[in-house]
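Enquirer: Input file: target_17.pdb. Contents: PDB, C-alpha atoms.
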```
ATOM      1  CA  MET A  16     144.484 165.921 299.594
ATOM      2  CA  THR A  17     143.697 167.262 296.148
ATOM      3  CA  SER A  18     147.038 166.139 294.761
ATOM      4  CA  LYS A  19     146.390 162.658 296.092
ATOM      5  CA  LYS A  20     143.025 162.731 294.430
ATOM      6  CA  ALA A  21     144.620 163.957 291.240
ATOM      7  CA  VAL A  22     147.179 161.172 291.332
ATOM      8  CA  ILE A  23     144.421 158.635 291.831
ATOM      9  CA  GLN A  24     142.486 160.177 288.976
ATOM     10  CA  LEU A  25     145.553 160.085 286.788
ATOM     11  CA  LEU A  26     146.187 156.459 287.710
ATOM     12  CA  LEU A  27     142.591 155.611 286.944
ATOM     13  CA  LEU A  28     142.906 157.389 283.647
ATOM     14  CA  CYS A  29     146.144 155.574 282.854
ATOM     15  CA  GLY A  30     144.494 152.329 283.881
ATOM     16  CA  ALA A  31     141.544 153.061 281.671
ATOM     17  CA  VAL A  32     143.830 153.938 278.803
ATOM     18  CA  GLY A  33     145.933 150.834 279.397
ATOM     19  CA  LEU A  34     142.947 148.535 279.674
ATOM     20  CA  SER A  35     141.335 149.943 276.621
ATOM     21  CA  SER A  36     144.542 149.644 274.665
ATOM     22  CA  CYS A  37     144.270 145.926 275.299
ATOM     23  CA  ALA A  38     140.671 145.792 274.217
ATOM     24  CA  GLY A  39     139.852 148.423 271.609
ATOM     25  CA  LYS A  40     141.826 151.634 271.708
ATOM     26  CA  PRO A  41     140.100 154.829 272.793
ATOM     27  CA  PRO A  42     140.485 157.567 270.199
ATOM     28  CA  SER A  43     143.572 159.631 270.996
ATOM     29  CA  ALA A  44     141.546 162.822 270.535
ATOM     30  CA  THR A  45     139.261 161.723 273.373
ATOM     31  CA  VAL A  46     142.183 160.875 275.621
ATOM     32  CA  SER A  47     143.769 164.258 275.033
ATOM     33  CA  GLN A  48     140.444 166.018 275.560
ATOM     34  CA  VAL A  49     139.955 164.269 278.888
ATOM     35  CA  SER A  50     143.443 165.141 280.077
ATOM     36  CA  GLN A  51     142.971 168.746 278.950
ATOM     37  CA  ALA A  52     139.764 168.884 280.943
ATOM     38  CA  GLU A  53     141.592 167.490 283.938
ATOM     39  CA  LEU A  54     144.275 170.166 283.681
ATOM     40  CA  ALA A  55     141.669 172.898 283.361
ATOM     41  CA  VAL A  56     139.768 171.635 286.408
ATOM     42  CA  GLN A  57     142.984 171.465 288.429
ATOM     43  CA  GLN A  58     143.978 174.958 287.391
ATOM     44  CA  ALA A  59     140.542 176.333 288.269
ATOM     45  CA  SER A  60     140.707 174.601 291.657
ATOM     46  CA  LYS A  61     143.970 176.401 292.385
ATOM     47  CA  SER A  62     142.491 179.788 291.480
ATOM     48  CA  LYS A  63     139.890 181.766 293.422
ATOM     49  CA  ALA A  64     137.157 179.731 291.732
ATOM     50  CA  PRO A  65     136.323 177.593 294.800
ATOM     51  CA  GLU A  66     135.547 180.859 296.586
ATOM     52  CA  TYR A  67     133.966 183.011 293.890
ATOM     53  CA  ALA A  68     132.620 180.590 291.243
ATOM     54  CA  SER A  69     131.841 177.452 293.187
ATOM     55  CA  LEU A  70     128.819 176.524 291.083
ATOM     56  CA  GLU A  71     130.724 176.495 287.782
ATOM     57  CA  LEU A  72     133.650 174.679 289.350
ATOM     58  CA  HIS A  73     131.339 172.095 290.859
ATOM     59  CA  MET A  74     129.761 171.498 287.465
ATOM     60  CA  ALA A  75     133.171 171.168 285.830
ATOM     61  CA  ARG A  76     134.243 168.606 288.428
ATOM     62  CA  GLU A  77     131.067 166.586 288.021
ATOM     63  CA  GLN A  78     131.336 166.623 284.250
ATOM     64  CA  PHE A  79     134.952 165.562 284.446
ATOM     65  CA  ALA A  80     134.058 162.716 286.808
ATOM     66  CA  SER A  81     131.304 161.621 284.420
ATOM     67  CA  ALA A  82     133.760 161.790 281.527
ATOM     68  CA  GLN A  83     136.093 159.468 283.403
ATOM     69  CA  GLU A  84     133.231 157.125 284.130
ATOM     70  CA  ALA A  85     132.322 157.100 280.452
ATOM     71  CA  MET A  86     135.954 156.308 279.639
ATOM     72  CA  HIS A  87     135.729 153.304 281.955
ATOM     73  CA  LYS A  88     132.575 152.187 280.222
ATOM     74  CA  LYS A  89     134.335 152.681 276.894
ATOM     75  CA  ASP A  90     131.671 155.151 275.834
ATOM     76  CA  TYR A  91     134.248 157.373 274.202
ATOM     77  CA  THR A  92     131.799 159.646 272.443
ATOM     78  CA  GLN A  93     130.119 160.502 275.715
ATOM     79  CA  ALA A  94     133.523 160.841 277.399
ATOM     80  CA  ARG A  95     134.662 163.346 274.753
ATOM     81  CA  ARG A  96     131.479 165.390 275.053
ATOM     82  CA  LEU A  97     131.635 165.524 278.836
ATOM     83  CA  ALA A  98     135.320 166.349 278.804
ATOM     84  CA  GLU A  99     134.635 169.236 276.448
ATOM     85  CA  ARG A 100     131.927 170.561 278.733
ATOM     86  CA  ALA A 101     134.129 170.146 281.814
ATOM     87  CA  LEU A 102     136.960 172.053 280.127
ATOM     88  CA  VAL A 103     134.804 175.031 279.208
ATOM     89  CA  ASN A 104     133.103 175.069 282.599
ATOM     90  CA  ALA A 105     136.467 175.047 284.361
ATOM     91  CA  GLN A 106     137.616 177.968 282.225
ATOM     92  CA  LEU A 107     134.354 179.757 282.917
ATOM     93  CA  ALA A 108     134.796 179.232 286.665
ATOM     94  CA  GLU A 109     138.310 180.628 286.540
ATOM     95  CA  THR A 110     137.361 183.670 284.490
ATOM     96  CA  LYS A 111     134.343 184.431 286.644
ATOM     97  CA  ALA A 112     136.489 184.172 289.762
ATOM     98  CA  GLU A 113     139.068 186.539 288.299
ATOM     99  CA  ALA A 114     136.349 189.022 287.393
ATOM    100  CA  GLU A 115     134.944 188.818 290.898
ATOM    101  CA  GLN A 116     138.379 189.306 292.397
ATOM    102  CA  ALA A 117     138.989 192.426 290.322
ATOM    103  CA  ARG A 118     135.538 193.724 291.209
ATOM    104  CA  ARG A 119     136.169 193.227 294.914
ATOM    105  CA  ALA A 120     139.569 194.889 294.746
ATOM    106  CA  ALA A 121     137.959 197.878 293.005
ATOM    107  CA  ALA A 122     135.265 198.130 295.675
ATOM    108  CA  GLU A 123     137.877 198.006 298.429
ATOM    109  CA  LEU A 124     139.947 200.706 296.763
ATOM    110  CA  ARG A 125     136.867 202.850 296.313
ATOM    111  CA  GLN A 126     136.231 202.644 300.036
ATOM    112  CA  SER A 127     139.771 203.615 300.952
ATOM    113  CA  ILE A 128     139.537 206.571 298.556
ATOM    114  CA  GLU A 129     136.350 207.665 300.293
ATOM    115  CA  ALA A 130     138.150 207.522 303.608
ATOM    116  CA  LEU A 131     141.046 209.557 302.216
ATOM    117  CA  ARG A 132     138.654 212.189 300.882
ATOM    118  CA  ARG A 133     136.883 212.429 304.216
ATOM    119  CA  GLU A 134     140.236 212.850 305.928
ATOM    120  CA  ALA A 135     141.247 215.557 303.468
ATOM    121  CA  GLU A 136     138.063 217.491 304.125
ATOM    122  CA  GLN A 137     138.704 217.993 307.861
ATOM    123  CA  PRO A 138     142.437 218.518 308.124
ATOM    124  CA  VAL A 139     143.443 221.709 309.949
ATOM    125  CA  ALA A 140     141.725 221.177 313.276
ATOM    126  CA  GLN A 141     143.725 218.053 314.032
ATOM    127  CA  SER A 142     147.157 219.186 312.951
ATOM    128  CA  ARG A 143     147.383 222.376 315.039
TER     129      ARG A 143
ATOM    130  CA  MET B   5      82.320 144.069 238.713
ATOM    131  CA  ARG B   6      81.436 146.392 241.541
ATOM    132  CA  LYS B   7      82.886 143.971 244.091
ATOM    133  CA  ILE B   8      86.106 143.753 242.152
ATOM    134  CA  THR B   9      86.535 147.505 241.954
ATOM    135  CA  ARG B  10      85.901 147.791 245.650
ATOM    136  CA  LYS B  11      88.538 145.117 246.297
ATOM    137  CA  TYR B  12      91.041 146.948 244.094
ATOM    138  CA  LEU B  13      90.222 150.177 245.764
ATOM    139  CA  LEU B  14      90.919 148.654 249.165
ATOM    140  CA  TRP B  15      94.188 147.231 247.924
ATOM    141  CA  TYR B  16      95.101 150.541 246.435
ATOM    142  CA  LEU B  17      94.330 152.363 249.672
ATOM    143  CA  GLY B  18      96.303 149.878 251.730
ATOM    144  CA  ILE B  19      99.372 150.079 249.532
ATOM    145  CA  SER B  20      99.300 153.835 249.326
ATOM    146  CA  THR B  21      99.073 154.221 253.133
ATOM    147  CA  VAL B  22     101.986 151.845 253.631
ATOM    148  CA  LEU B  23     103.960 153.678 250.989
ATOM    149  CA  GLY B  24     103.058 157.015 252.512
ATOM    150  CA  ILE B  25     104.094 155.970 255.973
ATOM    151  CA  SER B  26     107.367 154.546 254.756
ATOM    152  CA  LEU B  27     108.066 157.684 252.759
ATOM    153  CA  VAL B  28     107.386 159.862 255.810
ATOM    154  CA  GLY B  29     109.618 157.603 257.830
ATOM    155  CA  CYS B  30     112.430 158.025 255.329
ATOM    156  CA  SER B  31     112.109 161.763 254.954
ATOM    157  CA  HIS B  32     111.547 162.334 258.677
ATOM    158  CA  THR B  33     114.391 164.508 259.926
ATOM    159  CA  PRO B  34     115.157 165.048 263.628
ATOM    160  CA  THR B  35     114.023 168.475 264.770
ATOM    161  CA  ARG B  36     116.647 171.162 265.255
ATOM    162  CA  PRO B  37     117.612 171.245 268.949
ATOM    163  CA  VAL B  38     116.422 174.308 270.865
ATOM    164  CA  GLU B  39     119.853 174.565 272.438
ATOM    165  CA  LEU B  40     121.274 175.578 269.084
ATOM    166  CA  ASP B  41     118.949 178.552 268.785
ATOM    167  CA  GLN B  42     119.512 179.459 272.414
ATOM    168  CA  ALA B  43     123.257 179.417 271.853
ATOM    169  CA  ARG B  44     122.867 181.589 268.757
ATOM    170  CA  THR B  45     120.718 184.107 270.645
ATOM    171  CA  ALA B  46     123.165 184.245 273.552
ATOM    172  CA  TYR B  47     126.083 184.745 271.162
ATOM    173  CA  GLY B  48     124.201 187.488 269.290
ATOM    174  CA  GLU B  49     123.537 189.357 272.514
ATOM    175  CA  ALA B  50     127.171 189.137 273.562
ATOM    176  CA  ARG B  51     128.412 190.266 270.139
ATOM    177  CA  ASP B  52     126.041 193.252 270.178
ATOM    178  CA  ASN B  53     127.254 194.278 273.605
ATOM    179  CA  PRO B  54     129.978 196.870 272.910
ATOM    180  CA  GLN B  55     131.674 196.089 276.227
ATOM    181  CA  VAL B  56     132.127 192.428 275.288
ATOM    182  CA  ALA B  57     133.035 193.195 271.677
ATOM    183  CA  SER B  58     135.737 195.659 272.665
ATOM    184  CA  ARG B  59     137.097 194.052 275.839
ATOM    185  CA  ALA B  60     136.942 190.326 274.982
ATOM    186  CA  PRO B  61     137.396 189.958 271.218
ATOM    187  CA  VAL B  62     139.406 186.732 271.476
ATOM    188  CA  ALA B  63     136.938 184.975 273.774
ATOM    189  CA  LEU B  64     134.094 186.189 271.579
ATOM    190  CA  ARG B  65     135.752 184.705 268.498
ATOM    191  CA  GLU B  66     136.154 181.412 270.341
ATOM    192  CA  ALA B  67     132.448 181.485 271.150
ATOM    193  CA  GLU B  68     131.665 182.180 267.513
ATOM    194  CA  GLU B  69     133.853 179.271 266.404
ATOM    195  CA  ALA B  70     132.102 176.955 268.860
ATOM    196  CA  LEU B  71     128.719 178.086 267.564
ATOM    197  CA  LEU B  72     129.788 177.590 263.954
ATOM    198  CA  ARG B  73     130.996 174.118 264.815
ATOM    199  CA  ALA B  74     127.619 173.286 266.338
ATOM    200  CA  GLU B  75     125.752 174.687 263.326
ATOM    201  CA  GLN B  76     127.970 172.870 260.821
ATOM    202  CA  THR B  77     127.655 169.605 262.719
ATOM    203  CA  TRP B  78     123.898 170.017 262.667
ATOM    204  CA  ASP B  79     123.866 170.733 258.945
ATOM    205  CA  LYS B  80     126.093 167.758 258.135
ATOM    206  CA  GLU B  81     125.234 165.063 260.627
ATOM    207  CA  LYS B  82     121.909 165.929 262.250
ATOM    208  CA  ASP B  83     123.206 164.231 265.392
ATOM    209  CA  VAL B  84     120.949 165.725 268.053
ATOM    210  CA  ARG B  85     122.971 164.742 271.104
ATOM    211  CA  GLU B  86     126.263 165.843 269.590
ATOM    212  CA  VAL B  87     124.777 169.164 268.528
ATOM    213  CA  GLN B  88     123.170 169.670 271.929
ATOM    214  CA  ASN B  89     126.563 169.233 273.516
ATOM    215  CA  LEU B  90     128.298 171.529 271.035
ATOM    216  CA  ALA B  91     125.583 174.141 271.505
ATOM    217  CA  ALA B  92     126.072 173.966 275.264
ATOM    218  CA  VAL B  93     129.821 174.438 274.757
ATOM    219  CA  ALA B  94     129.139 177.437 272.504
ATOM    220  CA  ARG B  95     126.879 178.942 275.125
ATOM    221  CA  GLN B  96     129.467 178.465 277.833
ATOM    222  CA  ARG B  97     132.110 180.029 275.582
ATOM    223  CA  THR B  98     129.799 183.022 275.210
ATOM    224  CA  GLU B  99     129.520 183.205 278.980
ATOM    225  CA  VAL B 100     133.309 183.079 279.213
ATOM    226  CA  ALA B 101     133.491 186.043 276.815
ATOM    227  CA  CYS B 102     131.060 188.006 278.986
ATOM    228  CA  ALA B 103     133.038 187.128 282.125
ATOM    229  CA  VAL B 104     136.296 188.188 280.449
ATOM    230  CA  ALA B 105     134.679 191.509 279.508
ATOM    231  CA  GLU B 106     133.533 192.008 283.096
ATOM    232  CA  GLN B 107     136.990 191.151 284.366
ATOM    233  CA  LYS B 108     138.662 193.601 281.971
ATOM    234  CA  GLN B 109     136.187 196.299 282.928
ATOM    235  CA  ALA B 110     136.809 195.774 286.636
ATOM    236  CA  GLU B 111     140.559 195.822 286.024
ATOM    237  CA  ALA B 112     140.313 199.076 284.071
ATOM    238  CA  GLU B 113     138.271 200.557 286.900
ATOM    239  CA  LEU B 114     140.848 199.312 289.374
ATOM    240  CA  GLU B 115     143.578 201.065 287.417
ATOM    241  CA  GLU B 116     141.656 204.322 287.375
ATOM    242  CA  LEU B 117     140.939 204.066 291.082
ATOM    243  CA  THR B 118     144.598 203.364 291.820
ATOM    244  CA  ALA B 119     145.589 206.499 289.901
ATOM    245  CA  SER B 120     143.069 208.648 291.725
ATOM    246  CA  ARG B 121     144.133 207.209 295.072
ATOM    247  CA  ASP B 122     147.754 208.010 294.287
ATOM    248  CA  ARG B 123     146.705 211.531 293.342
ATOM    249  CA  LEU B 124     144.849 211.903 296.611
ATOM    250  CA  LEU B 125     147.824 210.659 298.604
ATOM    251  CA  LEU B 126     150.129 213.023 296.740
ATOM    252  CA  ASP B 127     147.782 215.929 297.406
ATOM    253  CA  ALA B 128     147.659 215.026 301.079
ATOM    254  CA  CYS B 129     151.473 214.944 301.177
ATOM    255  CA  ALA B 130     151.700 218.314 299.462
ATOM    256  CA  ARG B 131     149.154 219.756 301.854
ATOM    257  CA  GLU B 132     151.067 218.368 304.783
ATOM    258  CA  ALA B 133     154.325 219.839 303.462
ATOM    259  CA  GLN B 134     152.714 223.201 302.920
ATOM    260  CA  ARG B 135     151.275 223.155 306.388
ATOM    261  CA  ALA B 136     154.695 222.335 307.815
ATOM    262  CA  GLN B 137     156.259 225.141 305.840
ATOM    263  CA  GLU B 138     153.629 227.570 306.974
ATOM    264  CA  GLN B 139     154.250 226.530 310.530
ATOM    265  CA  ALA B 140     157.993 226.935 310.068
ATOM    266  CA  GLU B 141     157.523 230.371 308.573
ATOM    267  CA  TRP B 142     155.257 231.361 311.380
ATOM    268  CA  ALA B 143     157.791 230.173 313.933
ATOM    269  CA  GLN B 144     160.530 232.076 312.122
ATOM    270  CA  ARG B 145     158.456 235.241 312.217
ATOM    271  CA  GLU B 146     157.833 234.788 315.919
ATOM    272  CA  ALA B 147     161.517 234.281 316.538
ATOM    273  CA  ASP B 148     162.401 237.354 314.476
ATOM    274  CA  GLN B 149     159.936 239.417 316.397
ATOM    275  CA  ALA B 150     161.276 238.183 319.700
ATOM    276  CA  TYR B 151     164.841 238.919 318.605
ATOM    277  CA  GLN B 152     163.824 242.362 317.487
ATOM    278  CA  GLN B 153     162.176 242.957 320.835
ATOM    279  CA  VAL B 154     165.262 241.839 322.670
ATOM    280  CA  ARG B 155     167.389 244.103 320.551
ATOM    281  CA  THR B 156     165.234 247.146 321.139
ATOM    282  CA  THR B 157     165.159 246.420 324.846
ATOM    283  CA  THR B 158     168.929 246.108 325.016
ATOM    284  CA  THR B 159     169.472 249.339 323.137
ATOM    285  CA  GLN B 160     166.915 250.990 325.349
ATOM    286  CA  ASN B 161     168.707 249.626 328.358
ATOM    287  CA  ALA B 162     171.997 250.899 327.033
ATOM    288  CA  GLN B 163     170.497 254.313 326.437
ATOM    289  CA  LEU B 164     168.990 254.348 329.875
ATOM    290  CA  ALA B 165     172.273 253.330 331.370
ATOM    291  CA  GLN B 166     173.995 256.122 329.507
ATOM    292  CA  GLU B 167     171.373 258.600 330.587
ATOM    293  CA  LEU B 168     171.769 257.435 334.132
ATOM    294  CA  ALA B 169     175.470 257.932 333.904
ATOM    295  CA  TYR B 170     175.018 261.443 332.574
ATOM    296  CA  THR B 171     172.568 262.320 335.261
ATOM    297  CA  LYS B 172     174.876 260.992 337.910
ATOM    298  CA  GLU B 173     177.709 263.062 336.529
ATOM    299  CA  GLU B 174     175.487 266.054 336.349
ATOM    300  CA  LEU B 175     174.360 265.521 339.866
ATOM    301  CA  ALA B 176     177.906 265.125 340.992
ATOM    302  CA  THR B 177     178.948 268.377 339.335
ATOM    303  CA  LYS B 178     175.925 270.111 340.801
ATOM    304  CA  GLU B 179     176.772 268.831 344.262
ATOM    305  CA  VAL B 180     180.407 269.751 343.920
ATOM    306  CA  ALA B 181     179.772 273.295 342.724
ATOM    307  CA  PRO B 182     177.787 274.556 345.681
ATOM    308  CA  LYS B 183     180.277 272.960 348.051
ATOM    309  CA  GLU B 184     183.097 274.704 346.365
ATOM    310  CA  ALA B 185     181.173 277.957 346.407
ATOM    311  CA  ALA B 186     180.451 277.511 350.090
ATOM    312  CA  ALA B 187     184.071 276.785 350.765
ATOM    313  CA  LYS B 188     185.137 279.885 348.902
ATOM    314  CA  ALA B 189     182.604 282.012 350.743
ATOM    315  CA  GLN B 190     183.843 280.726 354.043
ATOM    316  CA  ALA B 191     187.373 281.416 353.095
ATOM    317  CA  LYS B 192     186.460 285.007 352.152
ATOM    318  CA  ARG B 193     184.634 285.496 355.431
ATOM    319  CA  ARG B 194     187.643 284.282 357.355
ATOM    320  CA  THR B 195     189.960 286.618 355.612
ATOM    321  CA  ARG B 196     187.577 289.486 356.293
ATOM    322  CA  THR B 197     187.328 288.753 360.049
ATOM    323  CA  ARG B 198     191.021 288.646 360.422
TER     324      ARG B 198
END
```
Show me this structure written as structure tokens.
Expert:
Amino acid sequence: MTSKKAVIQLLLLCGAVGLSSCAGKPPSATVSQVSQAELAVQQASKSKAPEYASLELHMAREQFASAQEAMHKKDYTQARRLAERALVNAQLAETKAEAEQARRAAAELRQSIEALRREAEQPVAQSR
Amino acid sequence: MRKITRKYLLWYLGISTVLGISLVGCSHTPTRPVELDQARTAYGEARDNPQVASRAPVALREAEEALLRAEQTWDKEKDVREVQNLAAVARQRTEVACAVAEQKQAEAELEELTASRDRLLLDACAREAQRAQEQAEWAQREADQAYQQVRTTTTQNAQLAQELAYTKEELATKEVAPKEAAAKAQAKRRTRTR
């Protein structure tokens, strides 16, 4: 599903690039920024971000979509700005998700340690 | 004369206002976007946070670079929309630095917790082993005691058996002796009567 979407997005991007190469080239910096943003959004989507940082990921996706739209409209300045924002938001989503994951793992471990301690406190009665 | 001066005065006023307005229009600079100051404040807070400074130095430097880029763009170009965007990027980079610091902190905590859990498990194993050994020792002692008891009983039995044998022998000799004596006495009596 997502890969299909990605392929379509890529095709659209290629189409946009191709079209614009016919009529006024988009700056290569903008093109690379948009594709970097796309990669970052994809990577964040594969991480725990959809679960733990859905707001940031959602924003990144929207900004990326707007960047693509701006590319279509040949508003390359706007496309570059939005792509930059999407990239950072995707990275933020991923980092936040990783932090949350580590935090949850720590909480889980803390609980199991508590259980171990409780078990250690009342040992002899059970074993004999 | 008076009319003429008034006319000139009016002209003068009109020209000066037009000039003034046009001058203001030329020197009018766009106001510095609030986002830039907000980004600077956010970055300052993150940099002053020792957790962020020590755990996420790379992300913090990236945030600083983004902020510098926004500031420099403002100084050079005064492009409000561009600077607003760059300031937003700088702010997000600062947030990334904070998130990285939180992640590193949680990971460090996780490491510590893992170590203490391993210690607890090891302790539990050692306790279990000790308990097993104690139980084994206890069982050994019980067995030793039982063996000792058996041994003493057997020796006692042997002694008793020996004693019994002696007594029997004794009894036998005691029984035999009076019979013999009686037999002798009878024999004597017979010889006397003859």
Enquirer: Take the ChimeraX specification (/A :<10) & /B, apply it to the structure above, and return the hits as JSON, numbers by chain.
Expert: {"B": [85, 86, 88, 89, 90, 92, 93, 94, 95, 96, 97, 98, 99, 100, 101, 102, 103, 104, 105, 106, 107, 108, 109, 110, 111, 112, 113, 114, 115, 116, 117, 118, 120, 121, 122, 124, 125, 127, 128, 131, 132, 135, 136, 139]}
Enquirer: Please compute the atom CA of Glu68 of chain B-atom CA of Ala64 of chain A distance, one decimal, in Å.
Expert: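 Between atom CA of Glu68 of chain B and atom CA of Ala64 of chain A the gap works out to 25.0 Å.
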Enquirer: Quick one: pull the distance between atom CA of Arg95 of chain A and atom CA of Val46 of chain A, Å, one decimal.
Expert: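 Separating atom CA of Arg95 of chain A from atom CA of Val46 of chain A is a distance of 8.0 Å.
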Enquirer: Which residue gives the smallest distance to Ser47 of chain A among A:Gln137, A:Ala130, A:Ala98, A:Ala85, with only C-alpha atoms counted?
Expert: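 Among the listed residues, A:Ala98 lies closest to Ser47 of chain A.
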Enquirer: Provide the atom CA of Thr195 of chain B to atom CA of Ala176 of chain B distance in Å, to one decimal place.
Expert: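 Between these atoms lies a distance of 28.7 Å.
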Enquirer: Could you state which residues are captured by the PyMOL selection byres ((chain A and resi 71-74) around 8) in this file, as a PDB file with C-alpha atoms, keeping the file's coordinate frame?
Expert:
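Output file result_28.pdb is given in full below:
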```pdb
ATOM      1  CA  VAL A  56     139.768 171.635 286.408  1.00  0.00           C
ATOM      2  CA  ALA A  59     140.542 176.333 288.269  1.00  0.00           C
ATOM      3  CA  SER A  60     140.707 174.601 291.657  1.00  0.00           C
ATOM      4  CA  ALA A  64     137.157 179.731 291.732  1.00  0.00           C
ATOM      5  CA  PRO A  65     136.323 177.593 294.800  1.00  0.00           C
ATOM      6  CA  ALA A  68     132.620 180.590 291.243  1.00  0.00           C
ATOM      7  CA  SER A  69     131.841 177.452 293.187  1.00  0.00           C
ATOM      8  CA  LEU A  70     128.819 176.524 291.083  1.00  0.00           C
ATOM      9  CA  ALA A  75     133.171 171.168 285.830  1.00  0.00           C
ATOM     10  CA  ARG A  76     134.243 168.606 288.428  1.00  0.00           C
ATOM     11  CA  GLU A  77     131.067 166.586 288.021  1.00  0.00           C
ATOM     12  CA  GLN A  78     131.336 166.623 284.250  1.00  0.00           C
ATOM     13  CA  ALA A 101     134.129 170.146 281.814  1.00  0.00           C
ATOM     14  CA  ASN A 104     133.103 175.069 282.599  1.00  0.00           C
ATOM     15  CA  ALA A 105     136.467 175.047 284.361  1.00  0.00           C
ATOM     16  CA  LEU A 107     134.354 179.757 282.917  1.00  0.00           C
ATOM     17  CA  ALA A 108     134.796 179.232 286.665  1.00  0.00           C
TER      18      ALA A 108
END
```
Enquirer: Kindly provide, as AutoDock Vina command-line options, the centre and edge lengths (Å, one decimal) of an axis-aligned box around all atoms of segment 83-101 of chain A given in the file, with 8 Å on each side.
Expert:
```
--center_x 133.1 --center_y 161.4 --center_z 278.3 --size_x 22.0 --size_y 34.4 --size_z 27.7
```
Enquirer: Nearest residue to Ala21 of chain A out of A:Gln51, A:Gln126, A:Gln57, A:Ser62, using all atoms listed in the file?
Expert: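 Among the listed residues, the smallest separation from Ala21 of chain A belongs to A:Gln57.
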Enquirer: Run the PyMOL selection byres ((chain B and resi 72-80) around 12) on the file and write out the hits as a VMD selection string.
Expert: chain B and resid 33 to 44 47 65 to 71 81 to 95
Enquirer: When you get a chance, write out N, CA and C atoms for segment 44-57 of chain B, as a PDB file, keeping the file's coordinate frame.
Expert:
```pdb
ATOM      1  N   ARG B  44     122.744 180.520 269.756  1.00  0.00           N
ATOM      2  CA  ARG B  44     122.867 181.589 268.757  1.00  0.00           C
ATOM      3  C   ARG B  44     122.386 182.921 269.329  1.00  0.00           C
ATOM      4  N   THR B  45     121.248 182.886 270.044  1.00  0.00           N
ATOM      5  CA  THR B  45     120.718 184.107 270.645  1.00  0.00           C
ATOM      6  C   THR B  45     121.716 184.684 271.656  1.00  0.00           C
ATOM      7  N   ALA B  46     122.225 183.788 272.520  1.00  0.00           N
ATOM      8  CA  ALA B  46     123.165 184.245 273.552  1.00  0.00           C
ATOM      9  C   ALA B  46     124.406 184.869 272.912  1.00  0.00           C
ATOM     10  N   TYR B  47     124.899 184.203 271.842  1.00  0.00           N
ATOM     11  CA  TYR B  47     126.083 184.745 271.162  1.00  0.00           C
ATOM     12  C   TYR B  47     125.776 186.104 270.534  1.00  0.00           C
ATOM     13  N   GLY B  48     124.596 186.221 269.915  1.00  0.00           N
ATOM     14  CA  GLY B  48     124.201 187.488 269.290  1.00  0.00           C
ATOM     15  C   GLY B  48     124.162 188.620 270.297  1.00  0.00           C
ATOM     16  N   GLU B  49     123.609 188.333 271.462  1.00  0.00           N
ATOM     17  CA  GLU B  49     123.537 189.357 272.514  1.00  0.00           C
ATOM     18  C   GLU B  49     124.928 189.796 272.951  1.00  0.00           C
ATOM     19  N   ALA B  50     125.802 188.815 273.131  1.00  0.00           N
ATOM     20  CA  ALA B  50     127.171 189.137 273.562  1.00  0.00           C
ATOM     21  C   ALA B  50     127.895 189.962 272.505  1.00  0.00           C
ATOM     22  N   ARG B  51     127.718 189.567 271.224  1.00  0.00           N
ATOM     23  CA  ARG B  51     128.412 190.266 270.139  1.00  0.00           C
ATOM     24  C   ARG B  51     127.906 191.701 270.031  1.00  0.00           C
ATOM     25  N   ASP B  52     126.606 191.910 270.281  1.00  0.00           N
ATOM     26  CA  ASP B  52     126.041 193.252 270.178  1.00  0.00           C
ATOM     27  C   ASP B  52     126.360 194.114 271.390  1.00  0.00           C
ATOM     28  N   ASN B  53     126.869 193.502 272.420  1.00  0.00           N
ATOM     29  CA  ASN B  53     127.254 194.278 273.605  1.00  0.00           C
ATOM     30  C   ASN B  53     128.632 194.896 273.349  1.00  0.00           C
ATOM     31  N   PRO B  54     128.694 196.239 273.254  1.00  0.00           N
ATOM     32  CA  PRO B  54     129.978 196.870 272.910  1.00  0.00           C
ATOM     33  C   PRO B  54     131.081 196.578 273.935  1.00  0.00           C
ATOM     34  N   GLN B  55     130.670 196.405 275.195  1.00  0.00           N
ATOM     35  CA  GLN B  55     131.674 196.089 276.227  1.00  0.00           C
ATOM     36  C   GLN B  55     132.374 194.769 275.911  1.00  0.00           C
ATOM     37  N   VAL B  56     131.570 193.759 275.580  1.00  0.00           N
ATOM     38  CA  VAL B  56     132.127 192.428 275.288  1.00  0.00           C
ATOM     39  C   VAL B  56     132.936 192.480 274.000  1.00  0.00           C
ATOM     40  N   ALA B  57     132.369 193.147 272.979  1.00  0.00           N
ATOM     41  CA  ALA B  57     133.035 193.195 271.677  1.00  0.00           C
ATOM     42  C   ALA B  57     134.399 193.880 271.782  1.00  0.00           C
TER      43      ALA B  57
END
```
